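Data block below; observations after.
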Amino acid sequence: MAIEKILKDDASEEKGERARMASFVGAISITDLVKTTLGPKGMDKILQSTGRGNEVTVTNDGATILKSLHIDNPAAKVLIDISKVQDDEVGDGTTSVVVLAGELLREAEKLVAAKIHPMTIISGYRMAAECARNALLQRVVDNKENAEKFKSDLMKIAMTTLSSKILSQDKEHFAQLAVDAVMRLKGSTNLEAIQIIKKPGGSLMDSFLDEGFILDKKIGLGQPKRIENAKILVANTAMDTDKVKIYGARVRVDSMSKVAEIEGAEKEKMREKVKKILGHGINCFVNRQLIYNFPEELFADAGILAIEHADFDGIERLALVTGGEIASTFDNPESVKLGHCKLIEEIMIGEDKLIHFSGVEMGQACTIVLRGASHHVLDEAERSLHDALCVLSQTVNDTRVLLGGGWPEMVMAKEVDELARKTPGKKSHAIEAFSRALVAIPTIIADNAGLDSADLVAKLRAEHHKEGCNAGIDVISGSVGDMAELGISEAFKVKQAVLLSATEAAEMILRVDEIITCAPRKREDRM
Amino acid sequence: MALAFDEYGRPFIILKEQDQKTRLRGIDAQKANISAGKAVARILRTSLGPKGMDKILQSPDGDVTITNDGATILEQMDVDNQIAKLMVELSRSQDYEIGDGTTGVVVMAGALLEQAERLLERGIHPIRIAEGYEMASRIAVEHLEHISQKFDFGASNIEPLVQTCMTTLSSKIVNRRKRHLAEISVKAVLSVADLERKDVNLDMIKVEGKVGGKLEDTELIYGITVDKDMSHPQMPKQIEDAKIAILTCPFEPPKPKTKHKVDIDTVEKFQTLRLQEQKYFDDMVQKCKDVGATLVICQWGFDDEANHLLMHRNLPAVRWVGGVELELIAIATGGRIVPRFQELTPEKLGRAGLVREKSFGTTKDKMLYIEHCANSRAVTIFIRGGNKMMIEETKRSIHDALCVARNLIRNNSIVYGGGSAEISCSIAVEAAADKYPGVEQYAIRAFADALDSVPMALAENSGLQPIETLSAVKSQQIKDNNPHYGIDCNDVGTNDMREQDVFETLIGKQQQILLATQVVKMILKIDDVISPSDY
């Protein structure tokens with residue numbers, strides 16, 4: 001008898017070998033897609049959105065590329081997901097994690113073809129991942145105690161991260177920017193406090209870190225353009241008409257004169273509010289909401305700088321830098337903390353006027369102004385800088401540092417190889433495969449740089465056979481070099497996250513032996 | 001087609017629009033149903049056991065789920081066939097009742113159907129088969145009771161519980177950290193369990209997940225986590241010995257339900273109204289302050305002004321906290337949910353040793369931890385993992401483990417796993433079969449064969465020779481008269497499940513057999529399927 005149909009129409013089911021094949025193919029093709037962006041000589045991708053305007057993004061950032069892809073293959077979705085998590089968690093290594101997971105699956109495919117059960121491969125991979133992590137742990141450098149050295153570590157990490165991005169030409173400049181910005185955070189990972197303002201024009205080299213704080217706003221009309229020793233009140237209050245918040249209240253009048261009276265009372269109320277604000281003894285007032293013309297005029301009369309409509313982030317950052325608190329009521333001037341700064345002035349960047357707060361008290365927040373030829377460049381620069389900032393802020397918390405340039409992969413591969421030799425049974429094949437997947441990363445870096453990868457990696461492997469070797473791939477000169485001397489470093493946390501999530505993802509995909517796809521939800525035909 | 005003829009030889013129409021329906025009758029209907037049931041079981045068969053594989057399920061919207069949990073697979077499969085739907089129900093009811101063994105129950109039902117098909121071919125009436133199955137299942141359940149063992153555990157000796165949870169977790173993707181997770185699950189269940197009444201309210205255990213970090217970072221929090229942050233960025237991020245006011249009223253002027261209007265027609269009225277409004281805010285904050293609260297948790301939003309006043313008076317606050325979380329907080333901190341400011345009293349405040357805000361990763365994700373609560377009965381299991389699917393799967397696995405631990409607290413009898421219980425039952429049923437005169441004997445024997453299919457699937461999934469392994473274990477069980485021999489899935493080297501510490505709960509196993517038998521009986525009794533055909 002014919003086999004009964006169990007699933008709905010259009011639903012499909014793939015089993016065993018075919019299912020495995022589908023997931024391998026999906027995962028590996030995603031890997032091949034982002035592979036070419038890996039390393040300092042990696043290439044960029046152009047992404048064109050299907051939405052209105054067909055916006056174009058040029059990027060080298062793995063997470064950004066993968067995020068914009070519309071994928072149907074479930075295994076590929078797993079990889080995109082890990083890259084996204086990597087981005088959220090450590091900020092960098094988004095490409096590496098996908099490439100490593102892809103390479104692990106590529107090796108696994110060969111093993112499956114050689115009739116090794118996926119579960120055996122998984123247990124081998126697990127042992128290998130644990131071993132690789134331990135190998136890294138043994139070789140980490142922790143310069144937490146030595147502030148000077150730590151700072152140079154940070155600098156190196158920033159340069160390494162930036163070297164694969166569009167900013168690589170001016171990486172020293174930007175690394176300095178990023179390190180300075182992160183050092184100001186004093187250990188917090190709240191990158192919100194670092195504001196990045198993008199202004200087209202000028203060149204990337206013109207970008208700068210501002211010690212103080214820049215607010216992308218204009219100063220109200222007729223108010224002072226420059227204030228020294230400013231006392232700032234940061235507020236979040238309605239400065240248009242103060243609505244009566246008691247529900248159901250309404251004004252009912254029976255003559256025109258009454259209207260005028262009420263209006264007068266309203267104005268009086270606002271005047272009083274302004275007076276109360278003035279009572280704080282301030283000379284600068286920043287509000288999150290609109291300031292209407294009338295109170296603005298009052299402020300101008302009192303010679304106070306009033307800035308309206310500063311957004312939420314702006315307000316919070318301003319409160320952070322100046323040390324003031326965000327106020328919404330003004331009845332107790334003595335207990336409201338005011339913010340202070342040495343100088344407020346209007347500055348020009350390109351054609352735009354901005355307000356600059358300098359000489360601030362707390363200095364936890366800062367602003368990076370990016371300049372560049374076009375929006376695309378600026379967007380990519382922002383993403384690169386964001387990556388660097390993320391990595392640095394994570395490194396400040398977890399100060400362990402590794403060398404870069406394929407060095408960690410080689411160290412891990414060597415240890416894993418040794419483990420494979422010691423392990424009896426079929427697992428050793430899987431462990432060996434793990435080490436091959438690790439070596440694939442330096443190979444790809446070399447390939448992308450147009451170097452003879454086979455030769456270089458072989459040399460590297462030979463170098464690594466010696467104890468305490470610092471050899472990695474020097475892409476610039478195209479040879480094997482000492483990574484410690486070249487100052488190429490990476491954060492341990494990033495490497496560890498790459499290793500663990502890639503193994504986890506590979507394991508997840510390997511365990512699958514059946515794919516059931518439900519019928520796609522019927523959509524209205526948009527044609 | 002069902003056609004009846006009257007005395008003139010004209011066809012009677014019995015069903016409405018008869019020619020548009022397809023109809024299967026008698027043995028054909030039974031066979032079709034059985035093959036559908038078997039097809040579902042076949043899908044799940046490979047997921048059984050510690051070496052079972054996972055399935056990728058793609059939902060109609062394209063979301064991907066990767067899982068090993070039988071109930072989840074079937075639920076998301078979107079089946080169309082009626083009989084297949086029965087199997088889905090079967091697995092779901094096992095999930096509701098026991099929480100674990102959702103795959104096993106379907107495999108068992110599939111095997112029973114397969115055996116029934118053979119008996120049908122030999123001309124045995126389906127009802128007789130169903131009756132035979134019923135008898136056999138009774139024998140099996142009794143036998144399980146017989147071979148089960150009680151074990152003791154207490155708050156100090158959780159090892160047996162942990163071992164049982166580990167057996168459950170070992171078939172999931174999280175088995176890398178099964179020890180860790182099993183301990184977490186057991187501790188969580190014990191801390192909410194009422195050991196005297198043998199009752200566990202699993203609602204008190206909140207399972208939260210956040211992507212990032214690694215599985216090792218999964219932790220048990222003796223308290224509550226709330227996915228919110230302080231309402232004002234400058235409020236303190238950490239409060240010790242917090243006294244928490246739990247409010248369900250907004251920090252806003254009242255909004256009476258009845259329609260009303262406040263008319264303002266003079267300047268004086270306008271001003272008094274304004275003053276009143278200010279006073280209202282002041283009063284609200286003052287009331288919270290007066291009762292001695294050091295933290296306000298509110299279900300609704302705050303007005304900007306209220307927010308600042310709170311900040312100003314050093315009263316940290318959290319807004320927009322969901323109703324369920326609010327209840328959990330109230331339970332955990334021993335506070336009362338207060339619907340009006342007037343009703344705030346010091347006794348109604350909840351207490352927690354530590355409230356802190358914690359941020360994750362590079363994004364500005366923040367969570368609020370409420371720990372060291374006055375009443376530590378509510379706990380949270382906080383899962384971290386490499387990606388979203390991993391977290392979801394971990395959640396499901398933890399759920400299974402929690403259910404198992406709960407079942408053990410309800411009834412501390414266990415049977416040994418690894419297929420040993422099924423093999424032992426199969427031997428007992430086989431032996432009992434000969435005592436029954438009549439056709440049922442065959443059905444009972446078939447039941448015994450079906451019981452063998454679970455250990456067989458286990459052996460198959462573990463890459464062992466199924467028939468060879470099973471027969472070896474079976475003869476060993478009979479020879480030594482020891483029901484603890486099972487399939488050595490993990491290649492440990494011993495068949496004795498007692499040494500391997502592989503346990504399952506007795507009620508879980510019993511339920512599996514009972515449920516599977518019931519569904520099979522139901523399917524066997526169907527002899528006519530009428531369904532609208534496609535055109």
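By order in the structure tokens, chains are A, B, ...; within a chain, residues start at 1; ligands start at 1, following the order shown.
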
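Every chain B residue lying within 6 Å of chain A, based on only C-alpha atoms, is listed here: Ala36, Met53, Asp54, Lys55, Ile56, Leu57, Gln58, Ser59, Pro60, Val64, Val79, Asp80, Asn81, Gly212, Pro253, Lys255, Lys261, Val262, Asp263, Ile264, Asp265, Val267, Glu305, His308, Gly361, Thr362, Thr363, Gly386 and Asn387 of chain B.
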
So that I can check the surroundings of A:Asp447, please list as number ranges by chain every protein, DNA and RNA residue that reaches within 12 Å of it, counting only C-alpha atoms and ignoring chain neighbours fewer than 2 positions away. A: 35-43, 440-445, 449-457, 473, 475, 478

I need the residues from that last selection saved to file as an mmCIF file, in the first residue's frame (with N, CA, C and O atoms), if you can.
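The result, stored in result_32.cif:
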data_model
loop_
_atom_site.group_PDB
_atom_site.id
_atom_site.type_symbol
_atom_site.label_atom_id
_atom_site.label_comp_id
_atom_site.auth_asym_id
_atom_site.auth_seq_id
_atom_site.Cartn_x
_atom_site.Cartn_y
_atom_site.Cartn_z
ATOM 1 N N LYS A 35 34.300 34.044 3.927
ATOM 2 C CA LYS A 35 35.704 33.661 4.077
ATOM 3 C C LYS A 35 36.651 34.726 3.557
ATOM 4 O O LYS A 35 37.655 35.033 4.173
ATOM 5 N N THR A 36 36.304 35.315 2.429
ATOM 6 C CA THR A 36 37.237 36.242 1.794
ATOM 7 C C THR A 36 37.378 37.545 2.561
ATOM 8 O O THR A 36 38.226 38.352 2.234
ATOM 9 N N THR A 37 36.542 37.771 3.567
ATOM 10 C CA THR A 37 36.700 39.028 4.301
ATOM 11 C C THR A 37 37.635 38.864 5.495
ATOM 12 O O THR A 37 37.923 39.830 6.195
ATOM 13 N N LEU A 38 38.108 37.668 5.729
ATOM 14 C CA LEU A 38 38.923 37.409 6.920
ATOM 15 C C LEU A 38 40.325 37.983 6.766
ATOM 16 O O LEU A 38 40.911 37.919 5.694
ATOM 17 N N GLY A 39 40.841 38.518 7.838
ATOM 18 C CA GLY A 39 42.234 38.919 7.876
ATOM 19 C C GLY A 39 42.476 40.313 7.349
ATOM 20 O O GLY A 39 41.580 40.954 6.805
ATOM 21 N N PRO A 40 43.701 40.791 7.541
ATOM 22 C CA PRO A 40 44.020 42.181 7.197
ATOM 23 C C PRO A 40 43.883 42.456 5.704
ATOM 24 O O PRO A 40 43.664 43.589 5.303
ATOM 25 N N LYS A 41 44.026 41.428 4.890
ATOM 26 C CA LYS A 41 43.894 41.689 3.454
ATOM 27 C C LYS A 41 42.556 41.170 2.939
ATOM 28 O O LYS A 41 42.424 40.853 1.775
ATOM 29 N N GLY A 42 41.618 41.015 3.824
ATOM 30 C CA GLY A 42 40.299 40.539 3.405
ATOM 31 C C GLY A 42 39.576 41.591 2.582
ATOM 32 O O GLY A 42 39.824 42.780 2.714
ATOM 33 N N MET A 43 38.702 41.141 1.719
ATOM 34 C CA MET A 43 38.002 42.071 0.846
ATOM 35 C C MET A 43 36.642 42.452 1.434
ATOM 36 O O MET A 43 36.120 41.762 2.301
ATOM 37 N N ALA A 440 42.979 25.848 9.277
ATOM 38 C CA ALA A 440 42.382 26.484 8.101
ATOM 39 C C ALA A 440 42.332 27.999 8.243
ATOM 40 O O ALA A 440 42.394 28.710 7.241
ATOM 41 N N ILE A 441 42.240 28.498 9.478
ATOM 42 C CA ILE A 441 42.110 29.957 9.636
ATOM 43 C C ILE A 441 43.361 30.704 9.192
ATOM 44 O O ILE A 441 43.274 31.586 8.334
ATOM 45 N N PRO A 442 44.561 30.342 9.702
ATOM 46 C CA PRO A 442 45.739 31.000 9.135
ATOM 47 C C PRO A 442 45.870 30.768 7.629
ATOM 48 O O PRO A 442 46.316 31.672 6.908
ATOM 49 N N THR A 443 45.442 29.605 7.170
ATOM 50 C CA THR A 443 45.527 29.342 5.732
ATOM 51 C C THR A 443 44.679 30.352 4.959
ATOM 52 O O THR A 443 45.132 30.912 3.956
ATOM 53 N N ILE A 444 43.476 30.588 5.459
ATOM 54 C CA ILE A 444 42.598 31.521 4.751
ATOM 55 C C ILE A 444 43.163 32.939 4.815
ATOM 56 O O ILE A 444 43.151 33.667 3.827
ATOM 57 N N ILE A 445 43.700 33.297 5.999
ATOM 58 C CA ILE A 445 44.286 34.646 6.114
ATOM 59 C C ILE A 445 45.369 34.815 5.061
ATOM 60 O O ILE A 445 45.431 35.833 4.367
ATOM 61 N N ALA A 449 45.497 37.172 1.528
ATOM 62 C CA ALA A 449 46.536 38.167 1.308
ATOM 63 C C ALA A 449 47.312 37.845 0.039
ATOM 64 O O ALA A 449 48.274 38.518 -0.294
ATOM 65 N N GLY A 450 46.895 36.806 -0.662
ATOM 66 C CA GLY A 450 47.553 36.464 -1.915
ATOM 67 C C GLY A 450 48.903 35.815 -1.692
ATOM 68 O O GLY A 450 49.802 35.914 -2.519
ATOM 69 N N LEU A 451 49.080 35.166 -0.548
ATOM 70 C CA LEU A 451 50.370 34.536 -0.266
ATOM 71 C C LEU A 451 50.267 33.041 -0.532
ATOM 72 O O LEU A 451 49.180 32.495 -0.695
ATOM 73 N N ASP A 452 51.397 32.393 -0.533
ATOM 74 C CA ASP A 452 51.420 30.956 -0.747
ATOM 75 C C ASP A 452 51.087 30.286 0.587
ATOM 76 O O ASP A 452 51.951 30.074 1.422
ATOM 77 N N SER A 453 49.822 29.990 0.767
ATOM 78 C CA SER A 453 49.373 29.567 2.089
ATOM 79 C C SER A 453 49.975 28.238 2.498
ATOM 80 O O SER A 453 50.387 28.051 3.648
ATOM 81 N N ALA A 454 50.083 27.317 1.547
ATOM 82 C CA ALA A 454 50.585 25.986 1.895
ATOM 83 C C ALA A 454 51.987 26.096 2.465
ATOM 84 O O ALA A 454 52.312 25.530 3.520
ATOM 85 N N ASP A 455 52.788 26.882 1.802
ATOM 86 C CA ASP A 455 54.177 27.045 2.215
ATOM 87 C C ASP A 455 54.251 27.721 3.585
ATOM 88 O O ASP A 455 54.929 27.259 4.501
ATOM 89 N N LEU A 456 53.500 28.822 3.713
ATOM 90 C CA LEU A 456 53.557 29.600 4.952
ATOM 91 C C LEU A 456 53.095 28.778 6.147
ATOM 92 O O LEU A 456 53.736 28.781 7.198
ATOM 93 N N VAL A 457 51.969 28.084 5.969
ATOM 94 C CA VAL A 457 51.421 27.348 7.099
ATOM 95 C C VAL A 457 52.358 26.212 7.487
ATOM 96 O O VAL A 457 52.549 25.927 8.674
ATOM 97 N N ILE A 473 51.561 34.665 11.103
ATOM 98 C CA ILE A 473 51.723 35.100 9.723
ATOM 99 C C ILE A 473 51.816 36.617 9.674
ATOM 100 O O ILE A 473 50.949 37.317 10.193
ATOM 101 N N VAL A 475 51.340 39.344 7.422
ATOM 102 C CA VAL A 475 50.725 39.511 6.106
ATOM 103 C C VAL A 475 51.425 40.611 5.317
ATOM 104 O O VAL A 475 51.535 40.555 4.099
ATOM 105 N N GLY A 478 54.591 39.191 4.125
ATOM 106 C CA GLY A 478 54.332 37.917 3.461
ATOM 107 C C GLY A 478 55.215 36.796 3.928
ATOM 108 O O GLY A 478 55.620 35.947 3.143
#

For A:Gly303, work out the shell of residues within 12 Å, counting only C-alpha atoms and skipping chain neighbours fewer than 4 positions away, then give it as a CSV table (one decimal) with C-alpha atoms, in the first residue's frame.
chain,number,residue,atom,x,y,z
A,220,GLY,CA,18.8,79.2,21.1
A,221,LEU,CA,18.5,82.6,19.5
A,222,GLY,CA,19.9,85.6,21.3
A,223,GLN,CA,21.6,83.5,23.9
A,224,PRO,CA,25.3,83.6,24.8
A,225,LYS,CA,27.4,81.5,22.4
A,226,ARG,CA,30.1,80.9,24.9
A,227,ILE,CA,30.0,80.4,28.6
A,278,LEU,CA,16.8,80.1,37.4
A,281,GLY,CA,21.8,79.5,39.9
A,282,ILE,CA,22.6,78.1,36.6
A,283,ASN,CA,23.8,79.5,33.4
A,284,CYS,CA,23.0,76.6,31.1
A,285,PHE,CA,19.8,74.7,30.8
A,296,GLU,CA,13.3,80.6,25.5
A,297,GLU,CA,12.9,84.3,25.5
A,298,LEU,CA,12.8,84.3,29.3
A,299,PHE,CA,16.0,82.3,29.3

B:Lys509: which residues within 9 Å, counting only C-alpha atoms, same-chain residues fewer than 2 positions away excluded, as a list in words? Gly101, Val105, Val141, Leu144, Val415, Ala421, Glu422, Glu504, Thr505, Leu506, Ile507, Gln511, Gln512, Ile513 and Leu514 of chain B

For B:Val439, work out the shell of residues within 10 Å, counting only C-alpha atoms and skipping chain neighbours fewer than 5 positions away, then give it as a list in words. Ile124, His125, Arg128, Ile129, Glu131, Gly132 and Ile444 of chain B

Go ahead and write the selection's residues with all heavy atoms as a PDB file, in the first residue's frame.
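Output saved as selection.pdb:
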ATOM      1  N   ILE B 124      -6.821 -11.980  12.847  1.00  0.00           N
ATOM      2  CA  ILE B 124      -7.327 -11.797  14.207  1.00  0.00           C
ATOM      3  C   ILE B 124      -8.123 -10.498  14.263  1.00  0.00           C
ATOM      4  O   ILE B 124      -7.715  -9.477  13.698  1.00  0.00           O
ATOM      5  CB  ILE B 124      -6.164 -11.759  15.218  1.00  0.00           C
ATOM      6  CG1 ILE B 124      -5.416 -13.072  15.136  1.00  0.00           C
ATOM      7  CG2 ILE B 124      -6.670 -11.494  16.618  1.00  0.00           C
ATOM      8  CD1 ILE B 124      -4.251 -13.180  16.060  1.00  0.00           C
ATOM      9  N   HIS B 125      -9.227 -10.540  14.927  1.00  0.00           N
ATOM     10  CA  HIS B 125     -10.086  -9.357  14.969  1.00  0.00           C
ATOM     11  C   HIS B 125      -9.428  -8.243  15.787  1.00  0.00           C
ATOM     12  O   HIS B 125      -8.863  -8.493  16.843  1.00  0.00           O
ATOM     13  CB  HIS B 125     -11.434  -9.733  15.598  1.00  0.00           C
ATOM     14  CG  HIS B 125     -12.461  -8.692  15.378  1.00  0.00           C
ATOM     15  ND1 HIS B 125     -12.649  -7.658  16.251  1.00  0.00           N
ATOM     16  CD2 HIS B 125     -13.332  -8.505  14.370  1.00  0.00           C
ATOM     17  CE1 HIS B 125     -13.594  -6.873  15.782  1.00  0.00           C
ATOM     18  NE2 HIS B 125     -14.035  -7.377  14.632  1.00  0.00           N
ATOM     19  N   ARG B 128     -10.018  -8.083  19.495  1.00  0.00           N
ATOM     20  CA  ARG B 128      -9.312  -9.085  20.273  1.00  0.00           C
ATOM     21  C   ARG B 128      -7.866  -8.664  20.507  1.00  0.00           C
ATOM     22  O   ARG B 128      -7.307  -8.847  21.583  1.00  0.00           O
ATOM     23  CB  ARG B 128      -9.329 -10.453  19.552  1.00  0.00           C
ATOM     24  CG  ARG B 128     -10.713 -10.969  19.224  1.00  0.00           C
ATOM     25  CD  ARG B 128     -11.528 -11.191  20.476  1.00  0.00           C
ATOM     26  NE  ARG B 128     -11.120 -12.359  21.221  1.00  0.00           N
ATOM     27  CZ  ARG B 128     -11.585 -13.592  21.018  1.00  0.00           C
ATOM     28  NH1 ARG B 128     -12.462 -13.797  20.069  1.00  0.00           N
ATOM     29  NH2 ARG B 128     -11.173 -14.602  21.751  1.00  0.00           N
ATOM     30  N   ILE B 129      -7.293  -8.051  19.477  1.00  0.00           N
ATOM     31  CA  ILE B 129      -5.920  -7.561  19.634  1.00  0.00           C
ATOM     32  C   ILE B 129      -5.891  -6.496  20.728  1.00  0.00           C
ATOM     33  O   ILE B 129      -5.052  -6.513  21.632  1.00  0.00           O
ATOM     34  CB  ILE B 129      -5.390  -6.956  18.326  1.00  0.00           C
ATOM     35  CG1 ILE B 129      -5.420  -7.999  17.215  1.00  0.00           C
ATOM     36  CG2 ILE B 129      -3.985  -6.420  18.503  1.00  0.00           C
ATOM     37  CD1 ILE B 129      -5.033  -7.463  15.865  1.00  0.00           C
ATOM     38  N   GLU B 131      -7.869  -6.078  23.170  1.00  0.00           N
ATOM     39  CA  GLU B 131      -8.036  -6.646  24.504  1.00  0.00           C
ATOM     40  C   GLU B 131      -6.760  -7.314  24.999  1.00  0.00           C
ATOM     41  O   GLU B 131      -6.374  -7.191  26.161  1.00  0.00           O
ATOM     42  CB  GLU B 131      -9.201  -7.636  24.505  1.00  0.00           C
ATOM     43  CG  GLU B 131     -10.505  -6.940  24.795  1.00  0.00           C
ATOM     44  CD  GLU B 131     -11.695  -7.782  24.429  1.00  0.00           C
ATOM     45  OE1 GLU B 131     -11.549  -9.017  24.254  1.00  0.00           O
ATOM     46  OE2 GLU B 131     -12.783  -7.210  24.313  1.00  0.00           O
ATOM     47  N   GLY B 132      -6.127  -8.003  24.069  1.00  0.00           N
ATOM     48  CA  GLY B 132      -4.862  -8.645  24.434  1.00  0.00           C
ATOM     49  C   GLY B 132      -3.837  -7.615  24.883  1.00  0.00           C
ATOM     50  O   GLY B 132      -3.144  -7.795  25.888  1.00  0.00           O
ATOM     51  N   ILE B 444      -0.874 -10.733  23.292  1.00  0.00           N
ATOM     52  CA  ILE B 444       0.011 -10.494  24.430  1.00  0.00           C
ATOM     53  C   ILE B 444       1.450 -10.750  24.026  1.00  0.00           C
ATOM     54  O   ILE B 444       2.374  -9.980  24.339  1.00  0.00           O
ATOM     55  CB  ILE B 444      -0.395 -11.387  25.614  1.00  0.00           C
ATOM     56  CG1 ILE B 444      -1.805 -11.007  26.067  1.00  0.00           C
ATOM     57  CG2 ILE B 444       0.572 -11.230  26.767  1.00  0.00           C
ATOM     58  CD1 ILE B 444      -2.353 -11.916  27.130  1.00  0.00           C
TER      59      ILE B 444
END
